[in-house]
Amino acid sequence: MPELPEVEAQRRSLLAPLIGATVAGVDIFRSDICDCANAQGSLHEATPRDLFLAATITRIDRIGKQMAIISHDDRVMNVHLGMTGMLIALAEGQQHHQPDHIHLRWTLSRNNQPTGTLLFRDPRRFGGIWTFPTHAALRQYRWHNLGPDALTITADQLQTRLQNSDRAIKAALLDQRIIAGVGNIYADESLFRAGVAPHTRCSRLKPAQWTSLANAITGTLSTAIALGGSTLSDGTYTDSTGKAGGFQNHHKVYGRAGKLCALCKTELRTKPIAQRTTVWCPTCQP
DNA sequence: ACCCGCACCTGTAAGC
DNA sequence: TGCTTACAGGTGCGGG
């Protein structure tokens with residue numbers, strides 16, 4: 001489900017309910033979706049304290065598709081949504097309409113008055129929560145392999161990392177060590193916008209194409225964020241308050257295999273690249 | 001050191 | 001109506 005724009009939409013929608021709130025209670029329904037590390041990086045069974053009991057939330061960070069909720073005492077919860085993960089913020093007394101697959105529940109308060117709850121729901125359980133006692137430990141043990149954030153990627157960064165690689169450009173864009181935040185939807189949409197065929201070997205890209213690609217990635221992601229991300233026809237993705245995104249109405253290639261290109265009316269082609277369904281326009285992306 | 005292919009889960013939709 | 005199959009926004013690992 002969520003790529004960078006959807007994670008960013010979740011992050012922004014969580015600021016109002018979470019910043020300044022204190023965690024009054026933690027209910028752990030499935031501890032196996034949590035990896036809890038100490039300052040040296042070794043793991044132990046999840047405790048309420050790992051999961052922010054008595055923490056006051058001061059910040060929510062994001063790099064790529066990774067989110068980090070940060071406490072006043074530097075404890076960190078790194079949330080990764082996988083394919084179907086969601087954080088759901090509920091006002092006091094409000095119920096969620098999908099009670100299944102809820103793995104964690106936090107009860108929140110301000111000035112000792114209850115203000116609502118936060119749920120982590122993830123049917124497929126590809127997502128999870130990684131906790132650390134400090135922000136430094138998160139960066140050292142979990143975020144050290146992430147490439148630069150896709151929202152601010154530059155042509156130089158892409159070219160330096162990939163110009164000697166023979167992989168298909170699409171496979172490289174999906175690699176979070178190269179660039180953090182692009183997934184299957186935004187890889188295809190960005191390649192279309194850049195006019196680059198997804199199977200092009202990285203080493204064959206010309207300098208001008210690295211520039212188009214960097215501009216296409218940042219432009220596509222910015223537009224998608226402004227529209228609240230992509231909510232596909234199954235309707236599973238929303239922000240933390242239940243609001244759907246709007247960028248699905250602007251997809252030019254993703255989900256449009258066999259249909260006509262919006263620009264040139266050529267039939268869009270599809271084939272798997274890096275084990276992911278890939279769609280492109282053979283005319284606009286030669 | 002790289003890159004591919006598959007495994008990990010559940011839900012939904014399409015096909016027979 | 002069912003049963004079976006394919007596919008879905010993402011990673012992480014083993015093996016070549």
# chains A, B, ... in the order shown; residues from 1 in each chain; ligands from 1
>>> interface_residues(of="chain C", to="chain A", cutoff="10 Å", atoms="only C-alpha atoms (C1' of nucleotides)", output="ChimeraX atom specification")
/C:7-11
>>> select_by_dssp(residues="stretch 218-284 of chain A", states="helix (DSSP H, G or I)", output="CSV table (one decimal) with C-alpha atoms, in the first residue's frame")
chain,number,residue,atom,x,y,z
A,218,THR,CA,10.3,14.9,-6.9
A,219,GLY,CA,7.5,16.4,-9.0
A,220,THR,CA,5.3,13.3,-9.0
A,221,LEU,CA,5.8,12.7,-5.2
A,222,SER,CA,5.1,16.4,-4.4
A,223,THR,CA,1.9,16.4,-6.4
A,224,ALA,CA,0.8,13.1,-4.8
A,225,ILE,CA,1.5,14.4,-1.3
A,226,ALA,CA,-0.6,17.5,-2.1
A,247,PHE,CA,-3.7,11.0,-6.7
A,248,GLN,CA,-5.2,7.7,-8.1
A,249,ASN,CA,-7.2,9.9,-10.5
A,250,HIS,CA,-3.9,11.2,-11.9
>>> closest_atom_pairs(of="chain A", to="chain B", cutoff="7 Å", atoms="only C-alpha atoms (C1' of nucleotides)", output="Markdown table")
| residue | atom | partner | partner_atom | distance |
| --- | --- | --- | --- | --- |
| A:Pro123 | CA | B:DT10 | C1' | 5.9 |
| A:Arg124 | CA | B:DC9 | C1' | 4.5 |
| A:Arg125 | CA | B:DC9 | C1' | 6.1 |
| A:Phe126 | CA | B:DC9 | C1' | 7.0 |
>>> atom_distance(atom1="atom CA of A:Gln285", atom2="atom CA of A:Ser165")
20.0 Å
>>> atom_distance(atom1="atom CA of A:Ile169", atom2="atom CA of A:Met67")
25.8 Å
>>> residues_around(residues="stretch 22-35 of chain A", least_positions_apart="5", cutoff="6 Å", atoms="only C-alpha atoms (C1' of nucleotides)", output="list in words")
Pro48, Leu53, Ala54, Ala55, Thr56, His103, Leu104, Arg105, Trp106, Thr107, Leu108, Ser109, Gly128, Ile129 and Trp130 of chain A
>>> write_last_selection(atoms="N, CA and C atoms", output="PDB file, in the first residue's frame")
ATOM      1  N   PRO A  48       5.372  -2.571  27.428  1.00  0.00           N
ATOM      2  CA  PRO A  48       4.666  -1.294  27.273  1.00  0.00           C
ATOM      3  C   PRO A  48       5.618  -0.104  27.271  1.00  0.00           C
ATOM      4  N   LEU A  53       4.817   3.710  26.826  1.00  0.00           N
ATOM      5  CA  LEU A  53       4.048   4.006  28.033  1.00  0.00           C
ATOM      6  C   LEU A  53       4.696   5.186  28.758  1.00  0.00           C
ATOM      7  N   ALA A  54       3.890   6.174  29.130  1.00  0.00           N
ATOM      8  CA  ALA A  54       4.315   7.391  29.848  1.00  0.00           C
ATOM      9  C   ALA A  54       5.152   8.348  29.000  1.00  0.00           C
ATOM     10  N   ALA A  55       5.223   8.094  27.700  1.00  0.00           N
ATOM     11  CA  ALA A  55       5.949   9.025  26.823  1.00  0.00           C
ATOM     12  C   ALA A  55       5.044  10.190  26.432  1.00  0.00           C
ATOM     13  N   THR A  56       5.650  11.362  26.315  1.00  0.00           N
ATOM     14  CA  THR A  56       4.957  12.486  25.679  1.00  0.00           C
ATOM     15  C   THR A  56       5.565  12.655  24.301  1.00  0.00           C
ATOM     16  N   HIS A 103      -3.256  -4.790  15.937  1.00  0.00           N
ATOM     17  CA  HIS A 103      -2.168  -5.447  16.669  1.00  0.00           C
ATOM     18  C   HIS A 103      -1.704  -4.662  17.889  1.00  0.00           C
ATOM     19  N   LEU A 104      -1.885  -3.343  17.864  1.00  0.00           N
ATOM     20  CA  LEU A 104      -1.472  -2.504  18.998  1.00  0.00           C
ATOM     21  C   LEU A 104      -2.497  -1.405  19.199  1.00  0.00           C
ATOM     22  N   ARG A 105      -2.673  -0.996  20.464  1.00  0.00           N
ATOM     23  CA  ARG A 105      -3.567   0.134  20.750  1.00  0.00           C
ATOM     24  C   ARG A 105      -2.938   1.003  21.843  1.00  0.00           C
ATOM     25  N   TRP A 106      -2.863   2.294  21.588  1.00  0.00           N
ATOM     26  CA  TRP A 106      -2.359   3.254  22.577  1.00  0.00           C
ATOM     27  C   TRP A 106      -3.535   4.122  23.026  1.00  0.00           C
ATOM     28  N   THR A 107      -3.611   4.364  24.312  1.00  0.00           N
ATOM     29  CA  THR A 107      -4.595   5.338  24.788  1.00  0.00           C
ATOM     30  C   THR A 107      -3.845   6.620  25.139  1.00  0.00           C
ATOM     31  N   LEU A 108      -4.406   7.732  24.706  1.00  0.00           N
ATOM     32  CA  LEU A 108      -3.714   9.029  24.769  1.00  0.00           C
ATOM     33  C   LEU A 108      -4.413   9.964  25.739  1.00  0.00           C
ATOM     34  N   SER A 109      -3.598  10.859  26.326  1.00  0.00           N
ATOM     35  CA  SER A 109      -4.205  11.845  27.228  1.00  0.00           C
ATOM     36  C   SER A 109      -3.458  13.173  27.132  1.00  0.00           C
ATOM     37  N   GLY A 128       5.353  -3.372  10.524  1.00  0.00           N
ATOM     38  CA  GLY A 128       5.756  -3.648  11.901  1.00  0.00           C
ATOM     39  C   GLY A 128       6.253  -2.401  12.594  1.00  0.00           C
ATOM     40  N   ILE A 129       6.650  -2.587  13.860  1.00  0.00           N
ATOM     41  CA  ILE A 129       7.134  -1.492  14.690  1.00  0.00           C
ATOM     42  C   ILE A 129       8.486  -1.903  15.260  1.00  0.00           C
ATOM     43  N   TRP A 130       9.471  -1.028  15.150  1.00  0.00           N
ATOM     44  CA  TRP A 130      10.817  -1.265  15.699  1.00  0.00           C
ATOM     45  C   TRP A 130      11.071  -0.186  16.736  1.00  0.00           C
TER      46      TRP A 130
END
>>> residues_around(residues="A:Ile70", least_positions_apart="5", cutoff="7 Å", atoms="only C-alpha atoms (C1' of nucleotides)", output="count of residues only")
7
>>> atom_distance(atom1="atom CA of A:Arg12", atom2="atom CA of A:Thr134")
22.5 Å
>>> closest_residue(among="A:Val279, A:Ala274, A:Ala257, A:Val79", to="A:Leu138", atoms="only C-alpha atoms")
A:Val79
>>> select_by_dssp(residues="stretch 32-82 of chain A", states="strand (DSSP E)", output="list in words")
Cys34, Asp35, Cys36, Ala37, Leu43, His44, Ile57, Thr58, Arg59, Ile60, Asp61, Arg62, Ile63, Gln66, Met67, Ala68, Ile69, Ile70, Ser71, Val76, Met77, Asn78, Val79 and His80 of chain A
